[in-house]
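Trainee: The structure file upload.tsv (TSV, C-alpha atoms) is provided below.
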chain	number	residue	atom	x	y	z
K	28	MET	CA	27.26	-24.70	19.81
K	29	MET	CA	29.29	-21.46	19.69
K	30	ARG	CA	32.28	-23.27	21.21
K	31	ASN	CA	32.15	-25.89	18.44
K	32	MET	CA	31.82	-23.17	15.77
K	33	SER	CA	34.97	-21.46	17.03
K	34	ARG	CA	36.91	-24.68	16.54
K	35	GLY	CA	35.72	-25.20	12.96
K	36	ILE	CA	32.69	-26.03	10.86
K	37	PRO	CA	30.50	-28.57	12.71
K	38	ARG	CA	29.30	-31.81	11.15
K	39	LEU	CA	26.62	-30.24	8.96
K	40	TRP	CA	27.52	-32.00	5.72
K	41	LYS	CA	26.91	-35.51	4.51
K	42	ASP	CA	29.58	-38.23	4.53
K	43	GLY	CA	32.29	-37.79	1.90
K	44	TYR	CA	32.44	-33.98	2.13
K	45	LYS	CA	35.96	-32.68	2.81
K	46	GLN	CA	36.96	-29.30	4.17
K	47	PHE	CA	40.40	-27.97	3.14
K	48	THR	CA	42.13	-25.67	5.59
K	49	GLY	CA	45.65	-24.46	6.27
K	50	LEU	CA	48.33	-26.15	4.17
K	51	GLU	CA	45.93	-28.06	1.90
K	52	GLU	CA	44.01	-24.91	1.01
K	53	ALA	CA	47.25	-23.02	0.25
K	54	ILE	CA	48.44	-25.81	-2.05
K	55	LEU	CA	45.16	-25.85	-3.94
K	56	LYS	CA	45.21	-22.07	-4.36
K	57	ASN	CA	48.78	-22.21	-5.69
K	58	CYS	CA	47.87	-24.94	-8.18
K	59	GLU	CA	44.82	-22.99	-9.36
K	60	ALA	CA	46.92	-19.84	-9.94
K	61	ALA	CA	49.53	-21.77	-11.95
K	62	THR	CA	46.93	-23.57	-14.08
K	63	SER	CA	45.18	-20.24	-14.76
K	64	LEU	CA	48.43	-18.86	-16.15
K	65	ALA	CA	48.86	-21.97	-18.30
K	66	GLN	CA	45.35	-21.48	-19.71
K	67	CYS	CA	46.35	-18.02	-20.94
K	68	THR	CA	49.18	-19.32	-23.14
K	69	ARG	CA	47.82	-22.78	-24.01
K	70	THR	CA	45.98	-21.65	-27.16
K	71	ALA	CA	49.12	-19.91	-28.46
K	72	PHE	CA	51.10	-23.17	-28.45
K	73	GLY	CA	52.44	-24.63	-31.69
K	74	PRO	CA	52.61	-23.39	-35.29
K	75	ASN	CA	48.82	-23.05	-35.48
K	76	GLY	CA	48.54	-21.18	-32.18
K	77	LEU	CA	46.26	-18.17	-31.86
K	78	SER	CA	47.69	-14.67	-31.48
K	79	LYS	CA	47.18	-12.87	-28.19
K	80	ILE	CA	46.53	-9.18	-27.70
K	81	VAL	CA	48.44	-7.88	-24.68
K	82	ILE	CA	48.06	-4.33	-23.35
K	83	ASN	CA	50.86	-3.61	-20.89
K	84	ARG	CA	51.05	-1.02	-18.10
K	85	ILE	CA	51.96	1.81	-20.51
K	86	GLU	CA	48.98	0.86	-22.71
K	87	LYS	CA	51.16	-0.47	-25.50
K	88	VAL	CA	49.28	-3.01	-27.64
K	89	ILE	CA	51.25	-6.16	-28.49
K	90	VAL	CA	49.91	-8.89	-30.81
K	91	THR	CA	52.02	-12.05	-30.67
K	92	THR	CA	51.99	-15.83	-30.29
K	93	ASP	CA	55.34	-15.89	-28.47
K	94	ALA	CA	54.71	-17.07	-24.92
K	95	ALA	CA	57.95	-15.49	-23.65
K	96	THR	CA	56.73	-12.06	-24.80
K	97	ILE	CA	53.25	-12.62	-23.41
K	98	ILE	CA	54.52	-13.69	-19.99
K	99	SER	CA	57.13	-10.93	-19.78
K	100	GLU	CA	54.45	-8.30	-20.39
K	101	LEU	CA	52.03	-9.72	-17.82
K	102	GLU	CA	52.31	-8.31	-14.32
K	103	VAL	CA	51.94	-11.53	-12.35
K	104	GLN	CA	51.71	-11.03	-8.59
K	105	HIS	CA	50.87	-14.52	-7.28
K	106	PRO	CA	54.05	-16.26	-5.97
K	107	ALA	CA	53.28	-19.67	-7.48
K	108	ALA	CA	52.41	-18.25	-10.89
K	109	LYS	CA	55.50	-16.05	-10.73
K	110	VAL	CA	57.67	-19.16	-10.37
K	111	LEU	CA	56.27	-20.39	-13.69
K	112	CYS	CA	57.08	-17.01	-15.26
K	113	LEU	CA	60.67	-17.23	-14.03
K	114	SER	CA	60.95	-20.81	-15.33
K	115	ALA	CA	59.69	-19.75	-18.77
K	116	ALA	CA	62.08	-16.79	-18.82
K	117	MET	CA	65.04	-19.04	-17.95
K	118	GLN	CA	64.04	-21.52	-20.66
K	119	GLN	CA	63.89	-18.69	-23.21
K	120	ARG	CA	67.24	-17.29	-22.08
K	121	GLU	CA	69.09	-20.63	-22.03
K	122	VAL	CA	67.54	-22.39	-25.05
K	123	GLY	CA	65.74	-19.66	-26.97
K	124	ASP	CA	62.56	-21.70	-27.41
K	125	GLY	CA	60.08	-23.80	-25.45
K	126	ALA	CA	58.84	-21.18	-23.00
K	127	ASN	CA	55.21	-22.00	-23.76
K	128	PHE	CA	55.85	-25.72	-23.36
K	129	VAL	CA	57.29	-25.15	-19.87
K	130	VAL	CA	54.20	-23.23	-18.74
K	131	VAL	CA	51.64	-25.57	-20.34
K	132	PHE	CA	53.38	-28.75	-19.16
K	133	ALA	CA	53.77	-27.48	-15.59
K	134	GLY	CA	50.15	-26.34	-15.57
K	135	GLU	CA	48.97	-29.78	-16.68
K	136	LEU	CA	51.05	-31.50	-13.99
K	137	LEU	CA	49.55	-29.25	-11.32
K	138	LYS	CA	46.06	-29.75	-12.72
K	139	ASN	CA	46.42	-33.52	-12.35
K	140	ALA	CA	47.93	-33.00	-8.90
K	141	VAL	CA	44.78	-31.16	-7.77
K	142	LEU	CA	42.64	-34.14	-8.80
K	143	GLU	CA	44.82	-36.45	-6.70
K	144	LEU	CA	44.82	-34.06	-3.73
K	145	ARG	CA	41.02	-34.04	-3.70
K	146	LYS	CA	41.13	-37.84	-3.48
K	147	GLY	CA	43.08	-37.53	-0.23
K	148	ILE	CA	46.62	-38.26	-1.45
K	149	HIS	CA	49.25	-36.41	0.57
K	150	PRO	CA	51.36	-33.77	-1.27
K	151	SER	CA	54.61	-35.51	-0.30
K	152	VAL	CA	53.43	-38.66	-2.10
K	153	LEU	CA	52.75	-36.63	-5.26
K	154	VAL	CA	56.19	-35.01	-5.06
K	155	ARG	CA	57.82	-38.43	-4.71
K	156	GLY	CA	55.83	-39.74	-7.69
K	157	TYR	CA	56.79	-36.81	-9.92
K	158	SER	CA	60.44	-37.25	-8.90
K	159	MET	CA	60.31	-40.91	-9.95
K	160	ALA	CA	58.66	-39.91	-13.24
K	161	GLN	CA	61.39	-37.31	-13.88
K	162	LYS	CA	64.11	-39.95	-13.50
K	163	LYS	CA	62.23	-42.29	-15.85
K	164	VAL	CA	61.85	-39.53	-18.45
K	165	GLN	CA	65.60	-38.89	-18.37
K	166	GLN	CA	66.10	-42.53	-19.39
K	167	LEU	CA	63.43	-42.58	-22.11
K	168	ILE	CA	64.33	-39.24	-23.70
K	169	LYS	CA	67.74	-40.54	-24.78
K	170	GLU	CA	66.00	-43.19	-26.89
K	171	LEU	CA	63.82	-40.56	-28.61
K	172	VAL	CA	66.65	-38.33	-29.86
K	173	VAL	CA	66.35	-37.86	-33.65
K	174	PHE	CA	69.07	-35.24	-34.18
K	175	GLU	CA	72.22	-34.37	-32.26
K	176	VAL	CA	74.80	-31.66	-32.89
K	177	ASN	CA	78.43	-31.99	-31.90
K	178	ALA	CA	79.14	-28.88	-29.81
K	179	GLN	CA	82.52	-28.19	-31.40
K	180	LYS	CA	82.64	-30.03	-34.71
K	181	ASP	CA	79.24	-29.36	-36.31
K	182	MET	CA	78.76	-25.74	-35.27
K	183	TYR	CA	80.61	-24.45	-38.36
K	184	ASP	CA	78.59	-26.48	-40.89
K	185	VAL	CA	75.63	-24.45	-42.20
K	186	GLU	CA	73.70	-27.52	-43.39
K	187	ILE	CA	73.89	-29.20	-39.99
K	188	LEU	CA	72.99	-25.98	-38.20
K	189	LYS	CA	69.92	-25.63	-40.43
K	190	LEU	CA	68.59	-29.02	-39.27
K	191	GLY	CA	68.77	-27.96	-35.63
K	192	ILE	CA	67.37	-24.46	-36.18
K	193	LYS	CA	64.50	-25.41	-38.49
K	194	CYS	CA	62.38	-27.11	-35.82
K	195	ALA	CA	62.50	-24.04	-33.55
K	196	ILE	CA	61.67	-21.60	-36.36
K	197	SER	CA	58.87	-23.73	-37.84
K	198	SER	CA	56.93	-23.56	-34.57
K	199	LYS	CA	56.78	-19.75	-34.84
K	200	GLN	CA	56.92	-19.05	-38.59
K	201	TYR	CA	55.04	-21.91	-40.21
K	202	GLY	CA	55.96	-22.40	-43.88
K	203	LEU	CA	59.11	-20.26	-43.69
K	204	GLY	CA	61.30	-22.76	-41.86
K	205	ASN	CA	63.54	-23.61	-44.84
K	206	PHE	CA	64.29	-20.01	-45.79
K	207	LEU	CA	64.71	-18.56	-42.29
K	208	SER	CA	66.76	-21.49	-41.01
K	209	ASP	CA	69.27	-20.89	-43.81
K	210	VAL	CA	69.50	-17.16	-42.97
K	211	VAL	CA	69.85	-17.79	-39.24
K	212	ALA	CA	72.42	-20.57	-39.76
K	213	LYS	CA	74.62	-18.28	-41.87
K	214	ALA	CA	74.36	-15.50	-39.27
K	215	CYS	CA	75.34	-17.92	-36.51
K	216	ARG	CA	78.25	-19.31	-38.50
K	217	ASN	CA	79.60	-15.80	-39.13
K	218	SER	CA	79.49	-14.98	-35.41
K	219	MET	CA	80.69	-18.36	-34.14
K	220	PRO	CA	83.81	-18.09	-31.92
K	221	GLN	CA	86.62	-20.64	-31.89
K	222	ILE	CA	85.01	-22.30	-28.88
K	223	ALA	CA	81.38	-22.83	-29.88
K	224	SER	CA	80.14	-22.96	-26.28
K	225	ASN	CA	81.18	-19.29	-25.89
K	226	PHE	CA	78.70	-18.16	-28.54
K	227	VAL	CA	77.07	-14.81	-27.67
K	228	VAL	CA	73.58	-14.23	-29.05
K	229	ASP	CA	73.95	-10.44	-28.82
K	230	ASN	CA	76.60	-10.54	-31.58
K	231	ILE	CA	73.74	-10.99	-34.04
K	232	ARG	CA	71.38	-8.04	-34.46
K	233	THR	CA	68.31	-7.60	-36.65
K	234	VAL	CA	67.29	-4.43	-38.46
K	235	LYS	CA	63.73	-3.96	-39.71
K	236	ILE	CA	63.46	-1.99	-42.96
K	237	LEU	CA	60.10	-0.85	-44.27
K	238	GLY	CA	59.02	-2.29	-47.60
K	239	GLY	CA	59.58	-5.68	-49.21
K	240	SER	CA	58.78	-9.00	-47.57
K	241	ILE	CA	60.38	-11.51	-45.28
K	242	MET	CA	61.87	-13.26	-48.32
K	243	ASP	CA	64.08	-10.19	-48.84
K	244	SER	CA	65.92	-10.89	-45.58
K	245	ALA	CA	69.68	-11.24	-45.88
K	246	VAL	CA	72.78	-11.59	-43.73
K	247	ILE	CA	75.21	-8.65	-43.75
K	248	ARG	CA	78.64	-9.30	-42.28
K	249	GLY	CA	79.37	-5.91	-40.80
K	250	MET	CA	77.37	-2.94	-39.54
K	251	VAL	CA	74.02	-1.77	-40.88
K	252	VAL	CA	72.99	1.87	-40.38
K	253	GLU	CA	69.26	2.32	-40.90
K	254	THR	CA	69.29	6.10	-41.44
K	255	ALA	CA	70.18	7.79	-44.73
K	256	PRO	CA	73.54	9.61	-45.03
K	257	ARG	CA	73.58	13.34	-44.45
K	258	SER	CA	76.34	13.92	-46.98
K	259	THR	CA	76.57	13.29	-50.71
K	260	CYS	CA	78.86	10.27	-50.14
K	261	THR	CA	76.82	7.05	-50.28
K	262	TYR	CA	79.52	4.42	-50.90
K	263	ALA	CA	83.01	3.75	-49.50
K	264	GLU	CA	85.41	0.80	-49.25
K	265	SER	CA	88.14	-0.15	-46.75
K	266	THR	CA	87.00	2.47	-44.26
K	267	LYS	CA	87.70	2.70	-40.55
K	268	VAL	CA	85.05	3.46	-37.96
Show how you would write the structure in this file as structure tokens.
Mentor:
Amino acid sequence: MMRNMSRGIPRLWKDGYKQFTGLEEAILKNCEAATSLAQCTRTAFGPNGLSKIVINRIEKVIVTTDAATIISELEVQHPAAKVLCLSAAMQQREVGDGANFVVVFAGELLKNAVLELRKGIHPSVLVRGYSMAQKKVQQLIKELVVFEVNAQKDMYDVEILKLGIKCAISSKQYGLGNFLSDVVAKACRNSMPQIASNFVVDNIRTVKILGGSIMDSAVIRGMVVETAPRSTCTYAESTKV
């Protein structure tokens, strides 16, 4: 009996019971960690998402619905969940939006994968199936395009820029999409280089001034100094810095 126990759990369970060891157990643990991370940001998805209170390592309290901010402040240690964090960060850096969608969508795929793994399907079969689905999505997504911007021609037209920016802003600031998209489009147009693909996001900075409301936001083509002047001079034209 002891010899059989050293080799594994003996046949103590009824038919149909499965024991996961080694590779299968590691895959299930990785999927569970990734889906747990997706559960944290799922309720913050969309314009009606709930705000999250995050207390980071220096005990700073952050209240936000932005998944990129939430994930960046979390100290994730699990390797599989950390891959999702890196994917969300890359999405935010390259596109500027959709970080929450990346995490939630990946978590849902892994959640369904766990159900199939428990049925006895091999992981390589699931990987092959998801690869086939990815190729099919690439074909279908071209038919679902409702708006397209010419990278060089349309980047200098404020009205066309507004159409592309509005959908991203509306998901975070519901009801303010029309106003903020106009402000952001003008700021982008002012900072647009001759080759639109070389656009640098850091050329646009925001300054928060106490008082007023978000409707008082405006685009200033130049430099804004938030502090008051130390001298009696408060206005000057054609100056050099």
Trainee: If I take CA of Ser240 in chain K and CA of Val90 in chain K, how far is one from the other in Å, to one decimal?
Mentor: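 That distance, rounded to one decimal, is 19.0 Å.
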Trainee: Can you write out as a tab-separated table which residues of range 130-246 of chain K fall within 7 Å of range 52-76 of chain K, alongside each residue's closest atom pair and its distance in Å to one decimal, counting only C-alpha atoms and ordering rows by chain and ascending residue number?
Mentor:
residue	atom	partner	partner_atom	distance
K:Val130	CA	K:Ala65	CA	5.5
K:Val131	CA	K:Ala65	CA	5.0
K:Gly134	CA	K:Thr62	CA	4.5
K:Leu137	CA	K:Cys58	CA	5.6
K:Lys138	CA	K:Thr62	CA	6.4
K:Val141	CA	K:Leu55	CA	6.6
K:Ser197	CA	K:Pro74	CA	6.8
K:Ser198	CA	K:Pro74	CA	4.4
K:Lys199	CA	K:Pro74	CA	5.6
K:Gln200	CA	K:Pro74	CA	6.9
K:Tyr201	CA	K:Pro74	CA	5.7
Trainee: For the residues selected in the previous step, produce a file with C-alpha atoms as a CSV table (one decimal), in the coordinates of the input.
Mentor:
chain,number,residue,atom,x,y,z
K,130,VAL,CA,54.2,-23.2,-18.7
K,131,VAL,CA,51.6,-25.6,-20.3
K,134,GLY,CA,50.2,-26.3,-15.6
K,137,LEU,CA,49.6,-29.2,-11.3
K,138,LYS,CA,46.1,-29.8,-12.7
K,141,VAL,CA,44.8,-31.2,-7.8
K,197,SER,CA,58.9,-23.7,-37.8
K,198,SER,CA,56.9,-23.6,-34.6
K,199,LYS,CA,56.8,-19.8,-34.8
K,200,GLN,CA,56.9,-19.0,-38.6
K,201,TYR,CA,55.0,-21.9,-40.2
Trainee: Range 155-201 of chain K near range 208-215 of chain K within 12 Å: what's each residue's closest atom pair and its distance in Å to one decimal, counting all atoms listed in the file, ordered by chain then ascending residue number, as JSON lines?
Mentor:
{"residue": "K:Asp181", "atom": "CA", "partner": "K:Ala212", "partner_atom": "CA", "distance": 11.6}
{"residue": "K:Met182", "atom": "CA", "partner": "K:Cys215", "partner_atom": "CA", "distance": 8.6}
{"residue": "K:Tyr183", "atom": "CA", "partner": "K:Cys215", "partner_atom": "CA", "distance": 8.6}
{"residue": "K:Asp184", "atom": "CA", "partner": "K:Ala212", "partner_atom": "CA", "distance": 8.6}
{"residue": "K:Val185", "atom": "CA", "partner": "K:Ala212", "partner_atom": "CA", "distance": 5.6}
{"residue": "K:Glu186", "atom": "CA", "partner": "K:Ala212", "partner_atom": "CA", "distance": 7.9}
{"residue": "K:Ile187", "atom": "CA", "partner": "K:Ala212", "partner_atom": "CA", "distance": 8.8}
{"residue": "K:Leu188", "atom": "CA", "partner": "K:Ala212", "partner_atom": "CA", "distance": 5.7}
{"residue": "K:Lys189", "atom": "CA", "partner": "K:Ser208", "partner_atom": "CA", "distance": 5.2}
{"residue": "K:Leu190", "atom": "CA", "partner": "K:Ser208", "partner_atom": "CA", "distance": 7.9}
{"residue": "K:Gly191", "atom": "CA", "partner": "K:Ser208", "partner_atom": "CA", "distance": 8.7}
{"residue": "K:Ile192", "atom": "CA", "partner": "K:Ser208", "partner_atom": "CA", "distance": 5.7}
{"residue": "K:Lys193", "atom": "CA", "partner": "K:Ser208", "partner_atom": "CA", "distance": 5.2}
{"residue": "K:Cys194", "atom": "CA", "partner": "K:Ser208", "partner_atom": "CA", "distance": 8.8}
{"residue": "K:Ala195", "atom": "CA", "partner": "K:Ser208", "partner_atom": "CA", "distance": 9.0}
{"residue": "K:Ile196", "atom": "CA", "partner": "K:Ser208", "partner_atom": "CA", "distance": 6.9}
{"residue": "K:Ser197", "atom": "CA", "partner": "K:Ser208", "partner_atom": "CA", "distance": 8.8}
{"residue": "K:Ser198", "atom": "CA", "partner": "K:Ser208", "partner_atom": "CA", "distance": 11.9}
{"residue": "K:Lys199", "atom": "CA", "partner": "K:Ser208", "partner_atom": "CA", "distance": 11.9}
{"residue": "K:Gln200", "atom": "CA", "partner": "K:Ser208", "partner_atom": "CA", "distance": 10.4}
{"residue": "K:Tyr201", "atom": "CA", "partner": "K:Ser208", "partner_atom": "CA", "distance": 11.8}
Trainee: Residues within 12 Å of Thr254 in chain K, please, as a ChimeraX atom specification. Count all atoms listed in the file; anything in the same chain fewer than 6 positions from it doesn't count.
Mentor: /K:234-237,261
Trainee: Hey, can you check how far CA of Ala126 in chain K sits from CA of Asn205 in chain K?
Mentor: 22.5 Å
Trainee: Could you check how far CA of Cys112 in chain K sits from CA of Ile98 in chain K, in Å to one decimal?
Mentor: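 Between these atoms lies a distance of 6.3 Å.
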Trainee: Which residue is closest to Asp124 in chain K? Choose from K:Asp243, K:Ile231, K:Arg145, K:Thr96 and count all atoms listed in the file.
Mentor: K:Thr96
Trainee: Neighbours of Ser114 in chain K within 12 Å (all atoms listed in the file; same-chain residues fewer than 2 positions away dropped), as a list in words?
Mentor: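 My list of contacting residues is Ala61, Ala95, Ile98, Ser99, Ala107, Ala108, Lys109, Val110, Leu111, Cys112, Ala116, Met117, Gln118, Gln119, Arg120, Glu121, Val122, Gly125, Ala126, Asn127, Phe128, Val129, Val130, Val131, Phe132 and Ala133 of chain K.
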Trainee: So which one's closest to Ala245 in chain K, K:Leu77, K:Leu207, K:Ala223, K:Cys260? Using all atoms listed in the file, please.
Mentor: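 Of the candidates, the smallest distance to Ala245 in chain K is held by K:Leu207.
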Trainee: From the set K:Glu100, K:Asp93, K:Glu51, K:Glu175, which residue has the shortest atom-to-atom contact distance to His149 in chain K, counting all atoms listed in the file?
Mentor: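 Distance minimum relative to His149 in chain K lands on K:Glu51.
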Trainee: K:Leu136, K:Lys180, K:Leu171, K:Ile241: which is nearest Met219 in chain K, counting all atoms listed in the file?
Mentor: K:Lys180
Trainee: From the coordinates I just gave you, please extract range 220-234 of chain K so that only N, CA and C atoms remain, then output it as a PDB file, in the first residue's frame.
Mentor:
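Output saved as selection.pdb:
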ATOM      1  N   PRO K 220       3.290  66.596 -36.945  1.00  0.00           N
ATOM      2  CA  PRO K 220       4.434  66.839 -37.829  1.00  0.00           C
ATOM      3  C   PRO K 220       4.067  66.666 -39.296  1.00  0.00           C
ATOM      4  N   GLN K 221       5.018  66.922 -40.172  1.00  0.00           N
ATOM      5  CA  GLN K 221       4.748  66.778 -41.609  1.00  0.00           C
ATOM      6  C   GLN K 221       4.453  65.339 -41.979  1.00  0.00           C
ATOM      7  N   ILE K 222       5.109  64.405 -41.310  1.00  0.00           N
ATOM      8  CA  ILE K 222       4.805  62.986 -41.490  1.00  0.00           C
ATOM      9  C   ILE K 222       3.983  62.540 -40.284  1.00  0.00           C
ATOM     10  N   ALA K 223       2.709  62.270 -40.498  1.00  0.00           N
ATOM     11  CA  ALA K 223       1.787  62.022 -39.385  1.00  0.00           C
ATOM     12  C   ALA K 223       2.191  60.817 -38.548  1.00  0.00           C
ATOM     13  N   SER K 224       2.850  59.839 -39.153  1.00  0.00           N
ATOM     14  CA  SER K 224       3.233  58.640 -38.403  1.00  0.00           C
ATOM     15  C   SER K 224       4.312  58.926 -37.362  1.00  0.00           C
ATOM     16  N   ASN K 225       4.961  60.090 -37.462  1.00  0.00           N
ATOM     17  CA  ASN K 225       6.000  60.469 -36.497  1.00  0.00           C
ATOM     18  C   ASN K 225       5.439  61.296 -35.346  1.00  0.00           C
ATOM     19  N   PHE K 226       4.129  61.263 -35.166  1.00  0.00           N
ATOM     20  CA  PHE K 226       3.501  62.055 -34.109  1.00  0.00           C
ATOM     21  C   PHE K 226       3.993  61.593 -32.738  1.00  0.00           C
ATOM     22  N   VAL K 227       4.333  62.559 -31.876  1.00  0.00           N
ATOM     23  CA  VAL K 227       4.846  62.270 -30.530  1.00  0.00           C
ATOM     24  C   VAL K 227       3.811  62.754 -29.512  1.00  0.00           C
ATOM     25  N   VAL K 228       3.305  61.845 -28.709  1.00  0.00           N
ATOM     26  CA  VAL K 228       2.264  62.185 -27.747  1.00  0.00           C
ATOM     27  C   VAL K 228       2.776  63.165 -26.695  1.00  0.00           C
ATOM     28  N   ASP K 229       4.060  63.073 -26.355  1.00  0.00           N
ATOM     29  CA  ASP K 229       4.614  63.929 -25.302  1.00  0.00           C
ATOM     30  C   ASP K 229       4.678  65.398 -25.702  1.00  0.00           C
ATOM     31  N   ASN K 230       4.421  65.720 -26.963  1.00  0.00           N
ATOM     32  CA  ASN K 230       4.395  67.126 -27.384  1.00  0.00           C
ATOM     33  C   ASN K 230       3.152  67.845 -26.885  1.00  0.00           C
ATOM     34  N   ILE K 231       2.184  67.084 -26.382  1.00  0.00           N
ATOM     35  CA  ILE K 231       0.961  67.671 -25.840  1.00  0.00           C
ATOM     36  C   ILE K 231       0.954  67.441 -24.335  1.00  0.00           C
ATOM     37  N   ARG K 232       0.884  68.510 -23.572  1.00  0.00           N
ATOM     38  CA  ARG K 232       0.875  68.407 -22.116  1.00  0.00           C
ATOM     39  C   ARG K 232      -0.420  69.020 -21.579  1.00  0.00           C
ATOM     40  N   THR K 233      -0.830  68.537 -20.428  1.00  0.00           N
ATOM     41  CA  THR K 233      -2.043  69.065 -19.783  1.00  0.00           C
ATOM     42  C   THR K 233      -1.651  69.718 -18.456  1.00  0.00           C
ATOM     43  N   VAL K 234      -2.310  70.817 -18.155  1.00  0.00           N
ATOM     44  CA  VAL K 234      -2.097  71.539 -16.906  1.00  0.00           C
ATOM     45  C   VAL K 234      -3.439  71.642 -16.194  1.00  0.00           C
TER      46      VAL K 234
END
